[in-house]
>>> print(open('data.cif').read())   # mmCIF, C-alpha atoms
data_query
loop_
_atom_site.group_PDB
_atom_site.id
_atom_site.type_symbol
_atom_site.label_atom_id
_atom_site.label_comp_id
_atom_site.auth_asym_id
_atom_site.auth_seq_id
_atom_site.Cartn_x
_atom_site.Cartn_y
_atom_site.Cartn_z
ATOM 1 C CA MET A 1 148.377 90.482 130.638
ATOM 2 C CA PRO A 2 145.082 92.386 130.726
ATOM 3 C CA THR A 3 143.613 93.615 127.455
ATOM 4 C CA ASP A 4 143.060 97.297 126.751
ATOM 5 C CA GLU A 5 139.346 96.779 127.234
ATOM 6 C CA GLU A 6 139.850 95.156 130.657
ATOM 7 C CA LEU A 7 142.106 98.031 131.661
ATOM 8 C CA ALA A 8 139.473 100.530 130.555
ATOM 9 C CA THR A 9 136.912 98.715 132.701
ATOM 10 C CA SER A 10 139.288 98.876 135.687
ATOM 11 C CA LEU A 11 139.833 102.559 134.964
ATOM 12 C CA ALA A 12 136.090 103.094 135.231
ATOM 13 C CA ALA A 13 136.352 101.667 138.763
ATOM 14 C CA GLY A 14 139.061 104.222 139.627
ATOM 15 C CA ASP A 15 142.130 102.016 139.151
ATOM 16 C CA GLU A 16 145.175 104.269 138.701
ATOM 17 C CA ALA A 17 147.433 101.376 137.719
ATOM 18 C CA ALA A 18 145.116 100.701 134.764
ATOM 19 C CA LEU A 19 145.518 104.303 133.625
ATOM 20 C CA ALA A 20 149.304 104.053 133.929
ATOM 21 C CA GLU A 21 149.335 100.922 131.767
ATOM 22 C CA LEU A 22 147.029 102.448 129.128
ATOM 23 C CA LEU A 23 149.217 105.552 129.036
ATOM 24 C CA ARG A 24 152.290 103.379 128.570
ATOM 25 C CA ARG A 25 150.673 101.466 125.707
ATOM 26 C CA TYR A 26 149.220 104.441 123.852
ATOM 27 C CA GLU A 27 151.469 107.403 124.594
ATOM 28 C CA GLN A 28 153.501 107.001 121.403
ATOM 29 C CA PRO A 29 150.672 106.169 118.965
ATOM 30 C CA LEU A 30 148.397 108.879 120.333
ATOM 31 C CA SER A 31 151.011 111.622 120.566
ATOM 32 C CA ARG A 32 152.189 110.888 117.013
ATOM 33 C CA PHE A 33 148.647 110.865 115.722
ATOM 34 C CA LEU A 34 147.976 114.258 117.314
ATOM 35 C CA TYR A 35 151.299 115.614 116.097
ATOM 36 C CA ARG A 36 150.557 114.642 112.513
ATOM 37 C CA GLN A 37 146.988 115.877 112.707
ATOM 38 C CA THR A 38 147.914 119.307 114.014
ATOM 39 C CA GLY A 39 151.355 119.738 112.491
ATOM 40 C CA GLY A 40 152.874 119.886 115.977
ATOM 41 C CA ARG A 41 150.798 122.689 117.492
ATOM 42 C CA ASP A 42 149.050 122.327 120.865
ATOM 43 C CA VAL A 43 149.852 118.615 120.899
ATOM 44 C CA GLU A 44 150.462 118.462 124.632
ATOM 45 C CA ASP A 45 147.136 120.166 125.393
ATOM 46 C CA LEU A 46 145.263 117.856 123.040
ATOM 47 C CA TYR A 47 147.083 114.826 124.435
ATOM 48 C CA GLN A 48 146.159 115.700 127.995
ATOM 49 C CA GLU A 49 142.584 116.583 127.109
ATOM 50 C CA THR A 50 142.170 113.285 125.235
ATOM 51 C CA TRP A 51 143.276 111.302 128.265
ATOM 52 C CA MET A 52 141.247 113.376 130.690
ATOM 53 C CA ARG A 53 138.155 112.660 128.605
ATOM 54 C CA VAL A 54 139.049 108.972 128.678
ATOM 55 C CA VAL A 55 139.308 109.128 132.469
ATOM 56 C CA ARG A 56 136.149 111.202 132.920
ATOM 57 C CA HIS A 57 134.013 109.058 130.630
ATOM 58 C CA ALA A 58 135.566 105.635 131.278
ATOM 59 C CA ASP A 59 132.275 104.445 132.731
ATOM 60 C CA ARG A 60 130.636 105.053 129.338
ATOM 61 C CA PHE A 61 133.137 102.826 127.525
ATOM 62 C CA ASP A 62 131.502 99.764 125.999
ATOM 63 C CA ALA A 63 133.842 96.825 126.704
ATOM 64 C CA GLU A 64 132.456 95.030 123.630
ATOM 65 C CA ARG A 65 134.207 97.630 121.468
ATOM 66 C CA ARG A 66 137.933 98.183 121.005
ATOM 67 C CA PHE A 67 139.572 100.668 123.332
ATOM 68 C CA SER A 68 141.888 101.969 120.595
ATOM 69 C CA THR A 69 138.901 102.871 118.409
ATOM 70 C CA TRP A 70 137.311 104.801 121.264
ATOM 71 C CA LEU A 71 140.575 106.584 122.072
ATOM 72 C CA TYR A 72 141.140 107.670 118.465
ATOM 73 C CA GLN A 73 137.504 108.777 118.186
ATOM 74 C CA ILE A 74 138.023 111.124 121.115
ATOM 75 C CA ALA A 75 141.301 112.363 119.626
ATOM 76 C CA VAL A 76 139.745 112.941 116.197
ATOM 77 C CA ASN A 77 136.857 114.909 117.718
ATOM 78 C CA LEU A 78 139.237 117.028 119.764
ATOM 79 C CA CYS A 79 141.359 117.736 116.680
ATOM 80 C CA ARG A 80 138.248 118.810 114.783
ATOM 81 C CA ASP A 81 137.276 121.162 117.603
ATOM 82 C CA TRP A 82 140.836 122.459 117.710
ATOM 83 C CA ARG A 83 140.729 123.295 113.989
ATOM 84 C CA ARG A 84 137.556 125.296 114.459
ATOM 85 C CA ARG A 85 139.295 127.567 116.959
ATOM 86 C CA PRO A 86 140.838 130.787 115.637
ATOM 87 C CA PRO A 87 144.506 130.223 114.763
ATOM 88 C CA PRO A 88 147.110 131.414 117.295
ATOM 89 C CA GLU A 89 149.684 134.026 116.400
ATOM 90 C CA ALA A 90 152.816 132.802 114.643
ATOM 91 C CA ALA A 91 152.924 129.280 116.013
ATOM 92 C CA GLU A 92 156.342 127.722 116.212
ATOM 93 C CA ILE A 93 156.546 124.330 114.493
ATOM 94 C CA PRO A 94 159.530 122.281 115.684
ATOM 95 C CA GLU A 95 161.947 120.993 113.085
ATOM 96 C CA ARG A 96 161.644 117.304 112.421
ATOM 97 C CA PRO A 97 164.606 115.037 111.597
ATOM 98 C CA VAL A 98 164.938 114.736 107.835
ATOM 99 C CA PRO A 99 165.305 111.096 106.865
ATOM 100 C CA SER A 100 166.768 111.636 103.427
ATOM 101 C CA HIS A 101 168.232 114.929 102.268
ATOM 102 C CA VAL A 102 168.487 113.713 98.681
ATOM 103 C CA ALA A 103 164.883 112.687 98.420
ATOM 104 C CA ARG A 104 163.801 115.856 100.145
ATOM 105 C CA ALA A 105 165.792 118.000 97.760
ATOM 106 C CA GLN A 106 164.544 116.124 94.704
ATOM 107 C CA ALA A 107 160.915 116.316 95.586
ATOM 108 C CA GLY A 108 160.954 119.598 97.497
ATOM 109 C CA ILE A 109 158.271 118.301 99.809
ATOM 110 C CA ASP A 110 157.895 117.115 103.345
ATOM 111 C CA ALA A 111 155.334 115.209 105.282
ATOM 112 C CA GLN A 112 154.131 118.189 107.240
ATOM 113 C CA ARG A 113 153.438 120.255 104.165
ATOM 114 C CA LEU A 114 151.967 117.365 102.253
ATOM 115 C CA LEU A 115 149.536 116.498 105.006
ATOM 116 C CA ALA A 116 148.639 120.155 105.437
ATOM 117 C CA GLU A 117 147.682 120.268 101.748
ATOM 118 C CA LEU A 118 144.960 117.677 102.291
ATOM 119 C CA PRO A 119 141.442 118.482 103.473
ATOM 120 C CA GLU A 120 140.843 117.462 107.084
ATOM 121 C CA GLU A 121 138.777 114.371 106.380
ATOM 122 C CA GLN A 122 141.313 113.057 103.883
ATOM 123 C CA ARG A 123 144.198 113.739 106.232
ATOM 124 C CA GLU A 124 142.476 111.862 109.051
ATOM 125 C CA VAL A 125 141.990 108.815 106.857
ATOM 126 C CA LEU A 126 145.549 108.911 105.536
ATOM 127 C CA ILE A 127 147.118 109.211 108.999
ATOM 128 C CA LEU A 128 145.022 106.499 110.599
ATOM 129 C CA ARG A 129 145.474 104.183 107.633
ATOM 130 C CA TYR A 130 149.104 104.600 106.706
ATOM 131 C CA TYR A 131 150.830 105.896 109.805
ATOM 132 C CA HIS A 132 148.875 103.858 112.308
ATOM 133 C CA ASP A 133 148.284 100.878 110.063
ATOM 134 C CA LEU A 134 144.652 100.560 111.093
ATOM 135 C CA ARG A 135 142.251 98.444 109.078
ATOM 136 C CA GLU A 136 139.694 100.131 106.880
ATOM 137 C CA SER A 137 136.878 98.957 109.164
ATOM 138 C CA ASP A 138 138.650 100.471 112.212
ATOM 139 C CA VAL A 139 139.144 103.782 110.426
ATOM 140 C CA ALA A 140 135.452 103.746 109.476
ATOM 141 C CA ASP A 141 134.505 103.082 113.130
ATOM 142 C CA ILE A 142 136.746 105.852 114.429
ATOM 143 C CA LEU A 143 135.491 108.434 111.954
ATOM 144 C CA GLY A 144 131.889 107.244 112.106
ATOM 145 C CA VAL A 145 131.576 106.884 108.334
ATOM 146 C CA PRO A 146 130.896 103.886 106.060
ATOM 147 C CA LYS A 147 133.824 101.864 104.726
ATOM 148 C CA GLY A 148 133.074 103.095 101.212
ATOM 149 C CA THR A 149 133.585 106.671 102.372
ATOM 150 C CA VAL A 150 136.941 105.743 103.892
ATOM 151 C CA LYS A 151 137.940 104.150 100.605
ATOM 152 C CA SER A 152 136.875 107.152 98.538
ATOM 153 C CA ARG A 153 138.596 109.620 100.892
ATOM 154 C CA MET A 154 141.745 107.541 100.728
ATOM 155 C CA HIS A 155 141.539 107.468 96.945
ATOM 156 C CA ASN A 156 141.070 111.234 96.787
ATOM 157 C CA ALA A 157 143.902 111.847 99.265
ATOM 158 C CA LEU A 158 146.367 109.751 97.302
ATOM 159 C CA GLN A 159 145.230 111.293 94.044
ATOM 160 C CA LYS A 160 145.841 114.729 95.486
ATOM 161 C CA LEU A 161 149.285 113.676 96.713
ATOM 162 C CA ALA A 162 150.053 112.283 93.277
ATOM 163 C CA THR A 163 149.014 115.586 91.753
ATOM 164 C CA ILE A 164 151.214 117.529 94.173
ATOM 165 C CA VAL A 165 154.219 115.317 93.477
ATOM 166 C CA GLY A 166 153.574 115.330 89.749
ATOM 167 C CA GLY A 167 153.281 119.090 89.744
ATOM 168 C CA ASP A 168 156.610 119.733 91.521
ATOM 169 C CA MET B 1 146.565 98.729 96.003
ATOM 170 C CA THR B 2 144.599 95.519 96.366
ATOM 171 C CA ASP B 3 141.460 94.971 98.413
ATOM 172 C CA ARG B 4 143.488 92.613 100.591
ATOM 173 C CA GLU B 5 145.855 95.429 101.550
ATOM 174 C CA TYR B 6 142.845 97.606 102.219
ATOM 175 C CA ASP B 7 141.380 95.034 104.578
ATOM 176 C CA GLU B 8 144.521 94.153 106.491
ATOM 177 C CA GLY B 9 146.001 97.547 107.103
ATOM 178 C CA ALA B 10 148.275 99.371 104.716
ATOM 179 C CA PRO B 11 151.832 100.369 105.555
ATOM 180 C CA LEU B 12 153.214 103.585 104.154
ATOM 181 C CA SER B 13 155.072 101.710 101.429
ATOM 182 C CA ALA B 14 151.718 100.866 99.833
ATOM 183 C CA VAL B 15 151.389 104.541 98.948
ATOM 184 C CA ARG B 16 154.254 104.201 96.500
ATOM 185 C CA THR B 17 152.614 101.254 94.763
ATOM 186 C CA TRP B 18 149.370 103.148 94.484
ATOM 187 C CA LEU B 19 151.063 106.230 93.063
ATOM 188 C CA VAL B 20 153.065 104.250 90.522
ATOM 189 C CA ASP B 21 149.933 102.358 89.481
ATOM 190 C CA ALA B 22 148.212 105.712 89.084
ATOM 191 C CA GLY B 23 150.904 106.759 86.600
ATOM 192 C CA CYS B 24 153.175 108.777 88.901
ATOM 193 C CA ASP B 25 156.895 108.744 88.163
ATOM 194 C CA ALA B 26 158.560 106.015 90.284
ATOM 195 C CA ASP B 27 161.337 108.283 91.619
ATOM 196 C CA ARG B 28 158.881 110.943 92.624
ATOM 197 C CA ALA B 29 156.652 108.343 94.254
ATOM 198 C CA SER B 30 159.641 107.059 96.239
ATOM 199 C CA ALA B 31 160.571 110.589 97.243
ATOM 200 C CA LEU B 32 157.033 111.241 98.377
ATOM 201 C CA CYS B 33 157.007 108.094 100.524
ATOM 202 C CA GLU B 34 160.351 109.075 101.990
ATOM 203 C CA ALA B 35 158.984 112.507 102.782
ATOM 204 C CA LEU B 36 155.857 111.035 104.324
ATOM 205 C CA ARG B 37 158.001 109.054 106.748
ATOM 206 C CA TRP B 38 157.804 111.305 109.725
ATOM 207 C CA PRO B 39 159.588 110.049 112.808
ATOM 208 C CA ILE B 40 158.292 111.928 115.806
ATOM 209 C CA ASP B 41 159.641 112.069 119.320
ATOM 210 C CA CYS B 42 157.683 114.686 121.209
ATOM 211 C CA GLY B 43 158.338 113.725 124.830
ATOM 212 C CA ALA B 44 155.027 112.008 125.422
ATOM 213 C CA ALA B 45 156.358 110.245 128.556
ATOM 214 C CA ALA B 46 156.457 113.537 130.449
ATOM 215 C CA TRP B 47 152.948 114.384 129.267
ATOM 216 C CA SER B 48 151.727 110.981 130.451
ATOM 217 C CA ALA B 49 153.141 111.659 133.918
ATOM 218 C CA ARG B 50 151.245 114.951 134.013
ATOM 219 C CA VAL B 51 148.040 113.217 132.872
ATOM 220 C CA ALA B 52 148.431 110.597 135.619
ATOM 221 C CA ALA B 53 148.945 113.310 138.223
ATOM 222 C CA ALA B 54 145.964 115.324 136.972
ATOM 223 C CA ALA B 55 143.697 112.275 136.892
ATOM 224 C CA SER B 56 144.774 111.001 140.289
ATOM 225 C CA ALA B 57 142.263 112.966 142.403
ATOM 226 C CA LEU B 58 139.435 112.090 140.025
ATOM 227 C CA LEU B 59 140.269 108.387 140.166
ATOM 228 C CA HIS B 60 140.621 108.444 143.965
ATOM 229 C CA GLU B 61 137.211 110.031 144.281
ATOM 230 C CA ARG B 62 135.700 107.529 141.843
ATOM 231 C CA ALA B 63 137.203 104.546 143.680
ATOM 232 C CA ARG B 64 135.895 105.900 146.988
ATOM 233 C CA ARG B 65 132.442 106.491 145.505
ATOM 234 C CA ILE B 66 132.310 102.921 144.165
ATOM 235 C CA TRP B 67 133.526 101.576 147.511
ATOM 236 C CA ARG B 68 130.833 103.532 149.388
ATOM 237 C CA ARG B 69 128.180 102.208 147.004
ATOM 238 C CA GLN B 70 129.360 98.630 147.563
ATOM 239 C CA VAL B 71 129.317 99.086 151.349
ATOM 240 C CA ALA B 72 125.827 100.614 151.224
ATOM 241 C CA THR B 73 124.580 97.674 149.119
ATOM 242 C CA LEU B 74 126.131 95.213 151.571
ATOM 243 C CA LEU B 75 124.622 96.946 154.594
ATOM 244 C CA ALA B 76 121.198 97.100 152.938
ATOM 245 C CA ALA B 77 121.349 93.380 152.165
ATOM 246 C CA VAL B 78 122.428 92.597 155.724
ATOM 247 C CA ALA B 79 119.736 94.829 157.256
ATOM 248 C CA LEU B 80 117.065 93.155 155.127
ATOM 249 C CA ALA B 81 118.338 89.670 155.954
ATOM 250 C CA LEU B 82 118.295 90.216 159.724
ATOM 251 C CA PRO B 83 114.501 90.311 160.350
ATOM 252 C CA LEU B 84 113.975 87.492 157.850
ATOM 253 C CA SER B 85 116.528 85.226 159.587
ATOM 254 C CA ALA B 86 115.047 86.160 163.000
ATOM 255 C CA VAL B 87 111.528 85.176 161.911
ATOM 256 C CA ILE B 88 112.746 81.894 160.389
ATOM 257 C CA GLY B 89 114.843 81.189 163.525
ATOM 258 C CA VAL B 90 111.947 81.760 165.934
ATOM 259 C CA TYR B 91 109.617 79.667 163.805
ATOM 260 C CA GLY B 92 112.225 76.858 163.646
ATOM 261 C CA LEU B 93 112.809 76.924 167.409
ATOM 262 C CA ARG B 94 109.092 76.705 168.181
ATOM 263 C CA LEU B 95 108.735 73.792 165.775
ATOM 264 C CA ALA B 96 111.747 72.033 167.358
ATOM 265 C CA TYR B 97 110.331 72.662 170.848
ATOM 266 C CA ASP B 98 106.965 71.119 169.875
ATOM 267 C CA VAL B 99 108.673 68.054 168.381
ATOM 268 C CA LEU B 100 111.024 67.629 171.378
ATOM 269 C CA CYS B 101 108.140 67.949 173.876
ATOM 270 C CA GLY B 102 106.628 64.800 172.349
ATOM 271 C CA LEU B 103 109.908 62.913 172.819
ATOM 272 C CA MET B 104 111.128 64.116 176.242
ATOM 273 C CA PRO B 105 109.979 66.006 179.336
ATOM 274 C CA ALA B 106 109.171 69.684 178.742
ATOM 275 C CA PRO B 107 111.974 71.116 180.994
ATOM 276 C CA LEU B 108 114.568 69.055 179.094
ATOM 277 C CA ALA B 109 113.118 70.152 175.739
ATOM 278 C CA THR B 110 113.256 73.755 176.935
ATOM 279 C CA TYR B 111 116.882 73.304 177.972
ATOM 280 C CA VAL B 112 117.876 71.817 174.573
ATOM 281 C CA VAL B 113 116.047 74.488 172.565
ATOM 282 C CA ALA B 114 117.339 77.320 174.765
ATOM 283 C CA THR B 115 120.929 76.063 174.457
ATOM 284 C CA TYR B 116 120.595 75.851 170.673
ATOM 285 C CA ALA B 117 119.000 79.301 170.551
ATOM 286 C CA MET B 118 121.888 80.813 172.571
ATOM 287 C CA MET B 119 124.431 79.210 170.273
ATOM 288 C CA ALA B 120 122.629 80.406 167.135
ATOM 289 C CA LEU B 121 122.367 83.908 168.594
ATOM 290 C CA GLY B 122 126.099 83.871 169.290
ATOM 291 C CA VAL B 123 126.923 82.829 165.713
ATOM 292 C CA VAL B 124 124.621 85.481 164.200
ATOM 293 C CA GLY B 125 125.975 88.118 166.599
ATOM 294 C CA ALA B 126 129.596 87.265 165.715
ATOM 295 C CA THR B 127 128.773 87.362 161.997
ATOM 296 C CA TYR B 128 127.195 90.798 162.267
ATOM 297 C CA ALA B 129 130.023 92.018 164.498
ATOM 298 C CA MET B 130 132.480 91.103 161.701
ATOM 299 C CA ILE B 131 130.791 93.453 159.239
ATOM 300 C CA PRO B 132 132.380 96.706 160.561
ATOM 301 C CA VAL B 133 135.731 94.890 160.760
ATOM 302 C CA ALA B 134 135.428 93.749 157.130
ATOM 303 C CA ILE B 135 134.437 97.256 156.021
ATOM 304 C CA GLY B 136 137.409 98.741 157.888
ATOM 305 C CA ARG B 137 139.784 96.265 156.297
ATOM 306 C CA SER B 138 138.353 96.966 152.837
ATOM 307 C CA ARG B 139 138.819 100.730 153.419
ATOM 308 C CA ASP B 140 142.442 100.148 154.447
ATOM 309 C CA GLN B 141 143.069 98.083 151.322
ATOM 310 C CA LEU B 142 141.610 100.836 149.129
ATOM 311 C CA ALA B 143 143.803 103.451 150.840
ATOM 312 C CA ALA B 144 146.885 101.231 150.456
ATOM 313 C CA ALA B 145 146.182 100.672 146.742
ATOM 314 C CA GLN B 146 145.777 104.415 146.188
ATOM 315 C CA ALA B 147 148.970 105.182 148.111
ATOM 316 C CA TRP B 148 150.827 102.600 146.038
ATOM 317 C CA ALA B 149 149.552 104.103 142.779
ATOM 318 C CA ALA B 150 150.523 107.600 143.938
ATOM 319 C CA ALA B 151 154.056 106.573 144.942
ATOM 320 C CA PRO B 152 156.902 107.582 142.593
ATOM 321 C CA PRO B 153 158.337 104.846 140.329
ATOM 322 C CA LEU B 154 161.061 102.665 141.840
ATOM 323 C CA GLU B 155 163.670 104.103 139.432
ATOM 324 C CA GLU B 156 163.097 107.591 140.851
ATOM 325 C CA VAL B 157 163.298 106.366 144.454
ATOM 326 C CA ILE B 158 166.619 104.593 143.777
ATOM 327 C CA ARG B 159 168.016 107.596 141.977
#
>>> encode(input="data.cif", output="structure tokens")
Amino acid sequence: MPTDEELATSLAAGDEAALAELLRRYEQPLSRFLYRQTGGRDVEDLYQETWMRVVRHADRFDAERRFSTWLYQIAVNLCRDWRRRPPPEAAEIPERPVPSHVARAQAGIDAQRLLAELPEEQREVLILRYYHDLRESDVADILGVPKGTVKSRMHNALQKLATIVGGD
Amino acid sequence: MTDREYDEGAPLSAVRTWLVDAGCDADRASALCEALRWPIDCGAAAWSARVAAAASALLHERARRIWRRQVATLLAAVALALPLSAVIGVYGLRLAYDVLCGLMPAPLATYVVATYAMMALGVVGATYAMIPVAIGRSRDQLAAAQAWAAAPPLEEVIR
């Protein structure tokens, strides 16, 4: 089975089957990442734009690096650009399935609101680290910051969450 | 949270440990982790199909561009090799003729060299004549691969 990096190299040569396989491998992780980053707004647009950038710039991909890191870097940059845009009018956020009504009632919190409480850079670190189970070094690569910065952002994010929970 | 967890990836459950270690009430920490679990199903398969369709023309064009570049490189190499092989061939034939003239009568040497030269010309001619055939076959293979990639999945055809 070809690696992600080999598929990306084939994609640079115009191989549509390589794109189909990459889409199959990353459609869930990427869509969930975008969903959590944006709270569910404009996810489809961001998803499509992320992949179109991958296709357009596949020839710039360095096969020595990990494809997933490159993909998330593009997604993170697009999310940052998206946040800089003026907010749309009354965006509809779809209801998510509630895993535990008891816990939800006790704490009065939900993931969407909690993540929205965090500054962007802390939210990025938290999502990549805890939802996507990426290593600290991968998160640092994706965000283009030193590992120490990832660690401190993570610390601050969790401290803020602890404060929110403690304050409820 | 230990450095080991930091280095090897940290599942969501590690958040609870961190919060409890930081002095947060255990029940609240559990509730927070439960709330942070956020199962998402946003229909990404349909989006992927749209991405594949949107990227199709771009990928076709890229594959064709790469194919044209490869053909141009091949033709340039072949065009450069032709005069070189002709010069070497002529030089070799004259050398062979001189050697053979010392061993046999000149008309016989001429006959041998001329026969060899005709055969070599035939081989080179056939080789060069195969180039357009090979290019045509390569173009057909590219078109077939693109048609295959553009075809709907087997499940849809059966349905």
>>> atom_distance(input="data.cif", atom1="CA of Leu93 (chain B)", atom2="CA of Leu121 (chain B)")
11.9 Å
>>> closest_residue(input="data.cif", among="B:Ala46, B:Gly92, B:Met118, B:Ser13", to="Ala31 (chain B)", atoms="only C-alpha atoms")
B:Ser13
>>> atom_distance(input="data.cif", atom1="CA of Val90 (chain B)", atom2="CA of Leu108 (chain B)")
18.5 Å
>>> closest_residue(input="data.cif", among="A:Arg80, A:Arg65, A:Arg36, A:Arg129", to="Ala14 (chain B)", atoms="all atoms listed in the file")
A:Arg129
>>> closest_residue(input="data.cif", among="B:Ile40, B:Leu32, B:Ala109, B:Ala63", to="Ala143 (chain B)", atoms="all atoms listed in the file")
B:Ala63
>>> atom_distance(input="data.cif", atom1="CA of Leu80 (chain B)", atom2="CA of Tyr116 (chain B)")
23.5 Å
>>> closest_atom_pairs(input="data.cif", of="region 39-125 of chain B", to="region 41-53 of chain A", cutoff="12 Å", atoms="only C-alpha atoms", output="CSV")
residue,atom,partner,partner_atom,distance
B:Ile40,CA,A:Val43,CA,11.9
B:Asp41,CA,A:Val43,CA,11.9
B:Cys42,CA,A:Val43,CA,8.8
B:Gly43,CA,A:Glu44,CA,9.2
B:Ala44,CA,A:Glu44,CA,7.9
B:Ala45,CA,A:Glu44,CA,10.8
B:Ala46,CA,A:Glu44,CA,9.7
B:Trp47,CA,A:Glu44,CA,6.7
B:Ser48,CA,A:Gln48,CA,7.7
B:Ala49,CA,A:Gln48,CA,10.0
B:Arg50,CA,A:Gln48,CA,7.9
B:Val51,CA,A:Gln48,CA,5.8
B:Ala52,CA,A:Trp51,CA,9.0
B:Ala53,CA,A:Met52,CA,10.8
B:Ala54,CA,A:Met52,CA,8.1
B:Ala55,CA,A:Met52,CA,6.8
B:Ser56,CA,A:Met52,CA,10.5
B:Ala57,CA,A:Met52,CA,11.8
B:Leu58,CA,A:Met52,CA,9.6
B:Leu59,CA,A:Met52,CA,10.8
